[in-house]
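Heads up: the structure comes next, in structure tokens.
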Amino acid sequence: MKRNYGSIYAAPQSIWLTLFFAAPLLIIVAYSFMKRDIYGGVLPQFSLDAYKSIANPTLLTVAWRTLWVSALATVLTILIALPCGYSIARSGNQAMRLFLVIVPFWTNFLLRIYAWIAILGNEGFINDALRFLGLTTEPVRFLYNQGSVTLVLVYMYLPYAILPLFSTIDKFDFTLLEAARDLGATRMQALRKILLPNIKAGLVTAVLFTFIPIFGAYAVPLLVGGKDSYMLGNIIADQVSKTRNWPLASSLSMGVTVLTGIAAILFTLRGRRPTPRVLDESGLGPVGATAGIPSGGQA
Amino acid sequence: MKGSDVTVSGISKSFGAFKALKGVSLEIKKGEFFSLLGPSGCGKTTLLRVIAGFEEPDTGTVGIDGRDVSGLPPDKRRCNTVFQSYALFPHLTVFENVAFPLRLRRVPNRLLRELVMKHLSLVQLEAHADKKPSMLSGGQKQRVAIARALINEPSVLLLDEPLSALDAKLRQRMLVELDTIHDKVGITFIYVTHDQQEALSVSDRIAVMDQGNVLQVGSPQQIYENPASDFVARFIGETNIFSGVVSSREGPFAAIEAEGIGRLLVEANGEAPVGSRVSVAVRPEKVRIGAVPPGPHDELNILRGTVEEPIYSGFQTKYIIHLPGGGVVTVFRQHANWSEGVPDIRWKDEVYLSWSARDSVVVESDAKPPESRGGEDRPRPSSASR
């Protein structure tokens, strides 16, 4: 008799996910359809109020801005991570360079944001240097705008983009680039027509790993952003802790989750379509394209 | 001839402390099937990559049709490469792989289709146009790589050990196919291999390389029959090498006191004056083996020895014969006349070995100035006069 041990092996993961992912998610879904209680919490009555109040101009402005900042930060991150991953893959001491990419993770997330305040702030290193060199007399205001939020977001999520890109580029057969050059392609044509299509899986993973957490960003805009850089994550946090409108916070969370979910599914499908049936000999399988995507929101 | 001639002059290339090429010069003729043959690490692939434009040489120039192409990137050279690993683009179909160079040049669709199908039929792959490379066998991948390299109509095709990943049977077939394709397209082929059989069977000329130097350039016959050095003789096929001192000269022959062997006659000219120390090579298939001594002859070397190791391999048997003086001689005997009354030769049998002085050559000599060694088509007296 052949026994199926699969479900036994999967049990720890199933229990864990049920307890700490599915159940909270269901609670949020439930809350979003209930009435608010004045001091936080919910009244167990069905209501669509929370969803109705989403369609409010301020919220839509913030949603639009969140989308824009996330897209911009993702594009910038990928543009930096691509050459970075490429150079690590081609370098002689990969281990050392990967180590350097991972080192920032040893420091607390919040501390790293405060470090940026120390660098960019009015009394920060850059302003000190500018004053010392006599270039400015008044401090330059680098912080508390969309620019500083984008910069810090790019910094925060760069490793998440570099690592998957590195791992696919590392498996890429570089003689393909020589072959392309040999057949008449310029350096750029070879990279665009041969390298990029062959590292698509890594690109998809890198985009998802950066876009999704940035879309739910909370701490970065809170600490280095101003009023003009409030993001959905901040609104949700405010609804939970200040306004204490839990149903609205829940419905907003649902919105973020659904939006990023749809985006992720579309993007993954698009990334896969050109190679539908191939037994990928080069080992360029979709690296973690579906597994381990960080879910929206970090706060 | 549609091909180009390729002139390589004084090419040196180092990777760190390793000198891959040490001043290599070659003249490759239009339409020639030219092989670079040598053991791994001899610099043959580096030389090919220099010609293709993937490596910038430290010194020296590469000329194609008399035009200096040094410094030009690979996409600006009229030569294309068939890579050892095939380097097919995994995300493109066979058709699109072959069409890749045409798409870069924005060739109109109808012409593109026609050209691609023409080249696919040259390598008999029309039926596989829509497959991805991962669905092809090794031999098919190889053919796609050849079709793709030929579609730009290069004047020189560079082949970097193209058959090394195939099994022995398929290698033989692809070799014949390569030869046919060479005849059809008529361009210059520069073929890198470490397999002397491959090089001997398809090349018009061969350059034997070792440690960054070209040791000898010549036709397969010249290379095999008149190796310019000890190394070439040993590298191409099997050979017996005897060393000793020239004791006397007898017309076109030198008599040598060979260590462990005794007196040997070898055809030689000025490179073997009396008193010089020489190495003599004789191919195992040139040595006759028999249970009875052959009739006396002026030009014949006759030795007696004991069979220490008969190695049967179907079409021939290889014998390793130990001589009383301690020398060892390897002999091949074809089985063509096995049944013609030649008594079977067994382990520990006493046998007579004989070969003509004209069938052996001097491959090293201390009277030979070292600069003259390794030169191009070094004129040799022996087989040319036959």
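Within each chain, counting starts at residue 1; across the structure tokens, chains are named A, B, ... in the order shown, with ligands numbered 1 upward in that order.
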
Residues of chain B were defined as contacting chain A if any atom lay at most 12 Å from it, counting only C-alpha atoms; please report them as a count of residues only. 57

Residue neighbourhood Gly38 of chain B, 6 Å, only C-alpha atoms, exclusion window fewer than 6 positions, as a VMD selection string: chain B and resid 194 208 to 210

Could you please take those selected residues and save C-alpha atoms as a short mmCIF file (atom, residue, chain, number, x, y, z; two decimals), in the first residue's frame?
data_model
loop_
_atom_site.label_atom_id
_atom_site.label_comp_id
_atom_site.auth_asym_id
_atom_site.auth_seq_id
_atom_site.Cartn_x
_atom_site.Cartn_y
_atom_site.Cartn_z
CA HIS B 194 42.20 18.53 -29.69
CA VAL B 208 49.85 21.88 -34.42
CA MET B 209 50.07 24.02 -31.30
CA ASP B 210 51.53 23.54 -27.86
#

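For the pair atom CA of Ala50 of chain A and atom CA of Pro247 of chain A, the interatomic distance is 5.6 Å.
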
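The environment of segment 15-28 of chain B within 6 Å, counting only C-alpha atoms and disregarding residues fewer than 2 places along the same chain, consists of Asp5, Val6, Thr7, Val8, Ser9, Gly10, Ile11, Ser12, Lys13, Gly43, Gly212 and Asn213 of chain B.
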
Interatomic distance, atom CA of Leu222 of chain A to atom CA of Leu143 of chain A (Å, one decimal): 11.4 Å

Taking the DSSP assignment computed from this structure's backbone, write out as a PyMOL selection string all residues of segment 71-158 of chain A that belong to alpha helix (DSSP H). chain A and resi 71-90+94-102+109-120+125-132+146-158

Can I get the selection written as a PDB file, in the first residue's frame, with C-alpha atoms?
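This went into part23.pdb:
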ATOM      1  CA  ALA A  71       5.926  52.293  -9.298  1.00  0.00           C
ATOM      2  CA  LEU A  72       8.683  54.913  -9.377  1.00  0.00           C
ATOM      3  CA  ALA A  73      10.594  53.329  -6.481  1.00  0.00           C
ATOM      4  CA  THR A  74      10.252  49.864  -8.071  1.00  0.00           C
ATOM      5  CA  VAL A  75      11.545  51.055 -11.436  1.00  0.00           C
ATOM      6  CA  LEU A  76      14.481  52.851  -9.804  1.00  0.00           C
ATOM      7  CA  THR A  77      15.250  49.818  -7.647  1.00  0.00           C
ATOM      8  CA  ILE A  78      15.275  47.492 -10.671  1.00  0.00           C
ATOM      9  CA  LEU A  79      17.414  49.911 -12.671  1.00  0.00           C
ATOM     10  CA  ILE A  80      20.007  49.909  -9.889  1.00  0.00           C
ATOM     11  CA  ALA A  81      19.661  46.212  -9.053  1.00  0.00           C
ATOM     12  CA  LEU A  82      20.132  44.968 -12.633  1.00  0.00           C
ATOM     13  CA  PRO A  83      23.706  46.199 -13.186  1.00  0.00           C
ATOM     14  CA  CYS A  84      24.420  45.364  -9.550  1.00  0.00           C
ATOM     15  CA  GLY A  85      23.243  41.746  -9.859  1.00  0.00           C
ATOM     16  CA  TYR A  86      25.050  41.451 -13.186  1.00  0.00           C
ATOM     17  CA  SER A  87      28.353  42.631 -11.776  1.00  0.00           C
ATOM     18  CA  ILE A  88      28.069  40.348  -8.728  1.00  0.00           C
ATOM     19  CA  ALA A  89      27.296  37.375 -10.980  1.00  0.00           C
ATOM     20  CA  ARG A  90      30.303  38.094 -13.177  1.00  0.00           C
ATOM     21  CA  GLN A  94      30.603  36.605  -5.379  1.00  0.00           C
ATOM     22  CA  ALA A  95      30.452  35.540  -1.735  1.00  0.00           C
ATOM     23  CA  MET A  96      32.034  38.778  -0.503  1.00  0.00           C
ATOM     24  CA  ARG A  97      29.788  40.979  -2.619  1.00  0.00           C
ATOM     25  CA  LEU A  98      26.618  39.112  -1.678  1.00  0.00           C
ATOM     26  CA  PHE A  99      27.672  39.446   1.922  1.00  0.00           C
ATOM     27  CA  LEU A 100      27.920  43.215   1.469  1.00  0.00           C
ATOM     28  CA  VAL A 101      24.411  43.289  -0.010  1.00  0.00           C
ATOM     29  CA  ILE A 102      23.038  41.411   3.000  1.00  0.00           C
ATOM     30  CA  PHE A 109      14.764  48.290   9.961  1.00  0.00           C
ATOM     31  CA  LEU A 110      13.851  51.446  11.904  1.00  0.00           C
ATOM     32  CA  LEU A 111      17.466  52.210  12.754  1.00  0.00           C
ATOM     33  CA  ARG A 112      18.302  52.203   9.073  1.00  0.00           C
ATOM     34  CA  ILE A 113      15.567  54.751   8.433  1.00  0.00           C
ATOM     35  CA  TYR A 114      16.863  56.914  11.297  1.00  0.00           C
ATOM     36  CA  ALA A 115      20.312  56.636   9.748  1.00  0.00           C
ATOM     37  CA  TRP A 116      18.937  58.334   6.667  1.00  0.00           C
ATOM     38  CA  ILE A 117      17.536  61.111   8.860  1.00  0.00           C
ATOM     39  CA  ALA A 118      21.039  61.515  10.269  1.00  0.00           C
ATOM     40  CA  ILE A 119      22.390  61.791   6.753  1.00  0.00           C
ATOM     41  CA  LEU A 120      19.739  63.970   5.127  1.00  0.00           C
ATOM     42  CA  PHE A 125      25.994  64.920   7.436  1.00  0.00           C
ATOM     43  CA  ILE A 126      25.239  66.332   4.024  1.00  0.00           C
ATOM     44  CA  ASN A 127      24.080  69.693   5.340  1.00  0.00           C
ATOM     45  CA  ASP A 128      27.079  69.844   7.666  1.00  0.00           C
ATOM     46  CA  ALA A 129      29.368  69.143   4.731  1.00  0.00           C
ATOM     47  CA  LEU A 130      27.669  71.740   2.538  1.00  0.00           C
ATOM     48  CA  ARG A 131      27.969  74.350   5.294  1.00  0.00           C
ATOM     49  CA  PHE A 132      31.582  73.418   5.959  1.00  0.00           C
ATOM     50  CA  GLN A 146       8.281  62.435  -1.857  1.00  0.00           C
ATOM     51  CA  GLY A 147      11.885  62.512  -2.980  1.00  0.00           C
ATOM     52  CA  SER A 148      13.251  61.415   0.391  1.00  0.00           C
ATOM     53  CA  VAL A 149      10.517  58.763   0.707  1.00  0.00           C
ATOM     54  CA  THR A 150      11.378  57.357  -2.713  1.00  0.00           C
ATOM     55  CA  LEU A 151      15.108  57.419  -1.971  1.00  0.00           C
ATOM     56  CA  VAL A 152      14.772  55.564   1.330  1.00  0.00           C
ATOM     57  CA  LEU A 153      12.281  53.072  -0.135  1.00  0.00           C
ATOM     58  CA  VAL A 154      14.722  52.286  -2.942  1.00  0.00           C
ATOM     59  CA  TYR A 155      17.486  51.830  -0.385  1.00  0.00           C
ATOM     60  CA  MET A 156      15.332  49.579   1.806  1.00  0.00           C
ATOM     61  CA  TYR A 157      14.204  47.217  -0.916  1.00  0.00           C
ATOM     62  CA  LEU A 158      17.293  47.147  -3.119  1.00  0.00           C
TER      63      LEU A 158
END

Within 9 Å of segment 303-314 of chain B, counting only C-alpha atoms, which residues show up once you throw out same-chain ones fewer than 6 positions away? Write them as a VMD selection string, please. chain B and resid 261 to 262 293 320 to 324 328 to 329 335 345 to 354

Those same residues, written as a compact mmCIF listing (two decimals), in the first residue's frame with C-alpha atoms?
# COMPACT_ATOMS: atom_id res chain seq x y z
CA ILE B 261 67.98 -0.79 -29.45
CA GLY B 262 71.30 -0.95 -31.22
CA PRO B 293 63.56 -12.86 -40.17
CA ILE B 320 54.45 -4.13 -27.33
CA ILE B 321 57.83 -5.72 -28.00
CA HIS B 322 60.71 -5.70 -25.55
CA LEU B 323 64.20 -5.81 -27.06
CA PRO B 324 67.12 -7.56 -25.39
CA VAL B 328 60.52 -1.06 -26.27
CA VAL B 329 58.83 -0.93 -29.68
CA HIS B 335 44.20 -8.03 -39.71
CA ILE B 345 51.79 -14.19 -32.60
CA ARG B 346 51.30 -14.75 -28.91
CA TRP B 347 52.51 -13.45 -25.60
CA LYS B 348 56.23 -14.18 -24.98
CA ASP B 349 56.84 -15.21 -28.61
CA GLU B 350 60.22 -14.35 -30.14
CA VAL B 351 59.59 -12.09 -33.13
CA TYR B 352 61.48 -10.15 -35.78
CA LEU B 353 60.67 -6.48 -36.39
CA SER B 354 61.66 -4.65 -39.54

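Neighbours of Lys286 of chain B closer than or equal to 10 Å, with only C-alpha atoms counted and sequence neighbours fewer than 2 positions away skipped, come out as Thr239, Val282, Arg283, Pro284, Arg288, Ile289, Val331, Phe332, Arg333, Ser354, Trp355, Ser356, Asp359 and Ser360 of chain B.
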
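For the choices B:Ser70, B:Ser35, B:Gln197, B:Ser248, the atom-to-atom distance to Arg171 of chain B is smallest for B:Gln197 when using only C-alpha atoms.
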